Amino acid sequence: MACPSEMYPAIPAPASAVHVLPMAEHIPSAVALPHILDPASDLDAWLASRGQPAWRGRAIQRWLHGRRAMTFADMTDLPRDLRESLEAEFRIWTTTVAVHKKADDGTEKLLLELADGQRIECVLLRDGERRTVCISSQVGCAMGCVFCASGIDGVVRNLTTGEITEQLQRLARLLPAEERLSHIVVMGMGEPLANLDRLLPALAMAQDPQGLGISQRRITISTVGLPPAIDRLAQADTGYHLAVSLHAADDALRTRLVPVNKAIGLADVMAAADRYWEASGRRLTFEYVLLGGVNDAPDQAADLARLLGGRAALVNIIPYNAVAGMPWKEPTASSRERFLDVLRDAGINVQVRRRKGAGIEAACGQLRRVAAGSAAGSLPVL
Ligand code: SAH
């Protein structure tokens with residue numbers, strides 16, 4: 001639940017920093033029609049059963065991904081009767097945009113309402129040439145990390161492949177025609193490795209040159225660290241970048257912060273991460289949310305350095321993004337610097353995530369709660 005905390009607002013932005021955009025077009029909720037972008041819909045077989053050539057499937061993909069069609073009627077070079085049959089039998093959109101917010105730094109956030117009324121968040125980040133999207137994999141989260149807004153009410157359900165893909169499609173349409181999405185981070189709501197069966201087809205489609213054409217090297221999956229699923233991902237040989245959320249270098253503290261650790265344990269998480277590295281050859285990232293007075297002491301940095309010692313790893317220090325009603329706080333600047341110094345002196349590669357999206361509840365899981373009135377804060381009525 002927390003998008004690249006490239007976006008975590010620490011200091012509330014002045015109201016003027018937030019622009020609330022008009023709500024996107026209203027699209028009626030899906031009923032039971034298959035999602036055109038869900039591989040389970042098997043568009044190719046459907047086309048074949050109607051005597052349509054296979055290249056029509058590619059033409060539809062091009063319309064959806066490259067030309068950003070919103071409706072089947074937009075696909076003007078398809079025969080009219082084909083467009084009408086597609087319209088009658090498939091959906092392009094099963095979500096509606098409930099809230100669309102934009103921060104001064106170009107970060108945009110969508111709160112999407114799903115066909116069953118559940119809500120999820122996804123974010124577009126602009127950074128130089130990069131156009132990174134942060135997407136959700138589940139409604140809520142079962143992992144229970146104590147500082148995270150997404151898991152407060154547990155997990156409601158997995159997202160479908162179509163719902164995951166739709167986030168990419170919606171965010172791509174926020175860009176001007178000459179810009180393309182460049183990176184995907186699966187760091188929104190949910191535990192992506194608990195929903196691999198639906199996530200992997202969506203990411204494969206995002207890589208497809210007929211689709212968004214995003215190389216696997218620009219796709220990052222962030223996990224709490226579920227060893228069997230990490231192994232599955234390694235076997236799938238996707239080449240995705242793996243980020244493992246550690247937040248503590250000893251089991252007692254990690255279990256306090258990341259309760260699912262009790263049943264797993266750091267040793268198994270690290271062993272699975274090592275196997276992923278061996279299989280993929282990709283440098284691992286370890287995420288560490290710094291919580292003042294909890295996991296930010298120099299000794300704890302030294303423990304972390306020892307835990308990571310010898311690994312080709314990057315430590316991503318995430319500034320804690322305060323969640324209403326939670327007791328955690330950011331570390332002081334001096335304790336943060338001390339923590340970083342200990343890691344650097346031990347030869348560890350460290351990066352501190354930059355904040356983006358100030359003022360738009362950009363950490364995933366937050367906007368959903370604010371919009372539902374379950375957390376302090378106010379949201380303009382749209
Ligand atoms: N379930 C995945 C994805 C979570 S979101 C995972 O655990 O990695 C991505 C990162 O944001 C995780 O490291 C998560 O622990 C962190 N995060 C969650 N809430 C946060 C908050 N309030 N402030 C800063 N980082 C947070």
# chains A, B, ... in the order shown; residues from 1 in each chain; ligands from 1

$ closest_atom_pairs --of "chain A" --to "ligand 1" --cutoff "8 Å" --atoms "only C-alpha atoms and all ligand atoms" --output "CSV"
residue,atom,partner,partner_atom_place_in_ligand_line,distance
A:Met1,CA,ligand 1,5 (S),3.8
A:Ala2,CA,ligand 1,5 (S),3.9
A:Cys3,CA,ligand 1,5 (S),5.6
A:Pro4,CA,ligand 1,9 (C),6.4
A:Ser5,CA,ligand 1,24 (C),6.0
A:Tyr8,CA,ligand 1,23 (N),6.8
A:Cys141,CA,ligand 1,1 (N),7.3
A:Met143,CA,ligand 1,1 (N),7.1
A:Cys145,CA,ligand 1,15 (O),6.7
A:Phe147,CA,ligand 1,22 (N),5.3
A:Cys148,CA,ligand 1,19 (N),3.6
A:Ala149,CA,ligand 1,19 (N),6.1
A:Ser150,CA,ligand 1,19 (N),7.4
A:Val186,CA,ligand 1,3 (C),6.9
A:Met187,CA,ligand 1,5 (S),4.1
A:Gly188,CA,ligand 1,5 (S),5.3
A:Met189,CA,ligand 1,5 (S),6.4
A:Gly190,CA,ligand 1,1 (N),5.2
A:Glu191,CA,ligand 1,1 (N),3.7
A:Pro192,CA,ligand 1,1 (N),6.3
A:Leu193,CA,ligand 1,1 (N),7.9
A:Ile221,CA,ligand 1,3 (C),7.8
A:Ser222,CA,ligand 1,8 (O),4.1
A:Thr223,CA,ligand 1,8 (O),3.6
A:Val224,CA,ligand 1,7 (O),3.5
A:Gly225,CA,ligand 1,7 (O),7.3
A:Ala243,CA,ligand 1,8 (O),6.8
A:Val244,CA,ligand 1,8 (O),5.8
A:Ser245,CA,ligand 1,13 (O),4.4
A:Leu246,CA,ligand 1,13 (O),7.3
A:His247,CA,ligand 1,15 (O),7.3
A:Glu287,CA,ligand 1,13 (O),5.2
A:Tyr288,CA,ligand 1,13 (O),6.4
A:Val289,CA,ligand 1,25 (N),5.4
A:Leu290,CA,ligand 1,24 (C),7.8
A:Ile318,CA,ligand 1,24 (C),5.7
A:Pro319,CA,ligand 1,24 (C),5.7
A:Tyr320,CA,ligand 1,23 (N),3.8
A:Asn321,CA,ligand 1,23 (N),3.8
A:Ala322,CA,ligand 1,22 (N),5.6
A:Val323,CA,ligand 1,22 (N),5.7
A:Ala363,CA,ligand 1,21 (C),6.8
A:Cys364,CA,ligand 1,5 (S),7.5

$ select_by_dssp --residues "stretch 40-124 of chain A" --states "strand (DSSP E or B)" --output "count of residues only"
21

$ residues_around --residues "A:Asp237" --least-positions-apart "5" --cutoff "9 Å" --atoms "only C-alpha atoms" --output "ChimeraX atom specification"
/A:232,279-280

$ closest_atom_pairs --of "stretch 132-238 of chain A" --to "stretch 56-62 of chain A" --cutoff "12 Å" --atoms "only C-alpha atoms" --output "JSON lines"
{"residue": "A:Gln169", "atom": "CA", "partner": "A:Gln61", "partner_atom": "CA", "distance": 11.6}
{"residue": "A:Met205", "atom": "CA", "partner": "A:Gln61", "partner_atom": "CA", "distance": 9.8}
{"residue": "A:Ala206", "atom": "CA", "partner": "A:Gln61", "partner_atom": "CA", "distance": 11.1}
{"residue": "A:Asp208", "atom": "CA", "partner": "A:Gln61", "partner_atom": "CA", "distance": 9.9}
{"residue": "A:Pro209", "atom": "CA", "partner": "A:Arg62", "partner_atom": "CA", "distance": 9.4}
{"residue": "A:Gln210", "atom": "CA", "partner": "A:Arg62", "partner_atom": "CA", "distance": 5.9}
{"residue": "A:Gly211", "atom": "CA", "partner": "A:Gln61", "partner_atom": "CA", "distance": 6.4}
{"residue": "A:Leu212", "atom": "CA", "partner": "A:Arg62", "partner_atom": "CA", "distance": 9.3}
{"residue": "A:Gly213", "atom": "CA", "partner": "A:Arg62", "partner_atom": "CA", "distance": 11.1}

$ closest_residue --among "A:Ala272, A:Ala45, A:Leu86, A:Ala252" --to "A:Asp231" --atoms "only C-alpha atoms"
A:Ala272

$ select_by_dssp --residues "stretch 197-316 of chain A" --states "alpha helix (DSSP H)" --output "ChimeraX atom specification"
/A:197-207,227-236,251-257,266-280,298-308

$ closest_residue --among "A:Ala103, A:Leu242, A:Ala313, A:Leu33" --to "A:Glu87" --atoms "only C-alpha atoms"
A:Leu33

$ atom_distance --atom1 "atom CA of A:Ala73" --atom2 "atom CA of A:Ser136"
29.1 Å

$ residues_around --residues "stretch 171-176 of chain A" --least-positions-apart "5" --cutoff "7 Å" --atoms "only C-alpha atoms" --output "PyMOL selection string"
chain A and resi 68+124+181

$ closest_atom_pairs --of "stretch 70-152 of chain A" --to "stretch 337-356 of chain A" --cutoff "12 Å" --atoms "only C-alpha atoms" --output "JSON lines"
{"residue": "A:Lys102", "atom": "CA", "partner": "A:Lys356", "partner_atom": "CA", "distance": 10.9}
{"residue": "A:Ala103", "atom": "CA", "partner": "A:Lys356", "partner_atom": "CA", "distance": 8.3}
{"residue": "A:Asp104", "atom": "CA", "partner": "A:Lys356", "partner_atom": "CA", "distance": 9.3}
{"residue": "A:Asp105", "atom": "CA", "partner": "A:Lys356", "partner_atom": "CA", "distance": 6.9}
{"residue": "A:Gly106", "atom": "CA", "partner": "A:Lys356", "partner_atom": "CA", "distance": 8.7}
{"residue": "A:Thr107", "atom": "CA", "partner": "A:Lys356", "partner_atom": "CA", "distance": 6.7}
{"residue": "A:Glu108", "atom": "CA", "partner": "A:Lys356", "partner_atom": "CA", "distance": 9.9}
{"residue": "A:Lys109", "atom": "CA", "partner": "A:Lys356", "partner_atom": "CA", "distance": 11.1}
{"residue": "A:Val123", "atom": "CA", "partner": "A:Lys356", "partner_atom": "CA", "distance": 10.6}
{"residue": "A:Leu124", "atom": "CA", "partner": "A:Lys356", "partner_atom": "CA", "distance": 10.3}
{"residue": "A:Leu125", "atom": "CA", "partner": "A:Lys356", "partner_atom": "CA", "distance": 7.7}
{"residue": "A:Arg126", "atom": "CA", "partner": "A:Lys356", "partner_atom": "CA", "distance": 9.0}
{"residue": "A:Asp127", "atom": "CA", "partner": "A:Lys356", "partner_atom": "CA", "distance": 9.4}
{"residue": "A:Thr132", "atom": "CA", "partner": "A:Lys356", "partner_atom": "CA", "distance": 11.9}
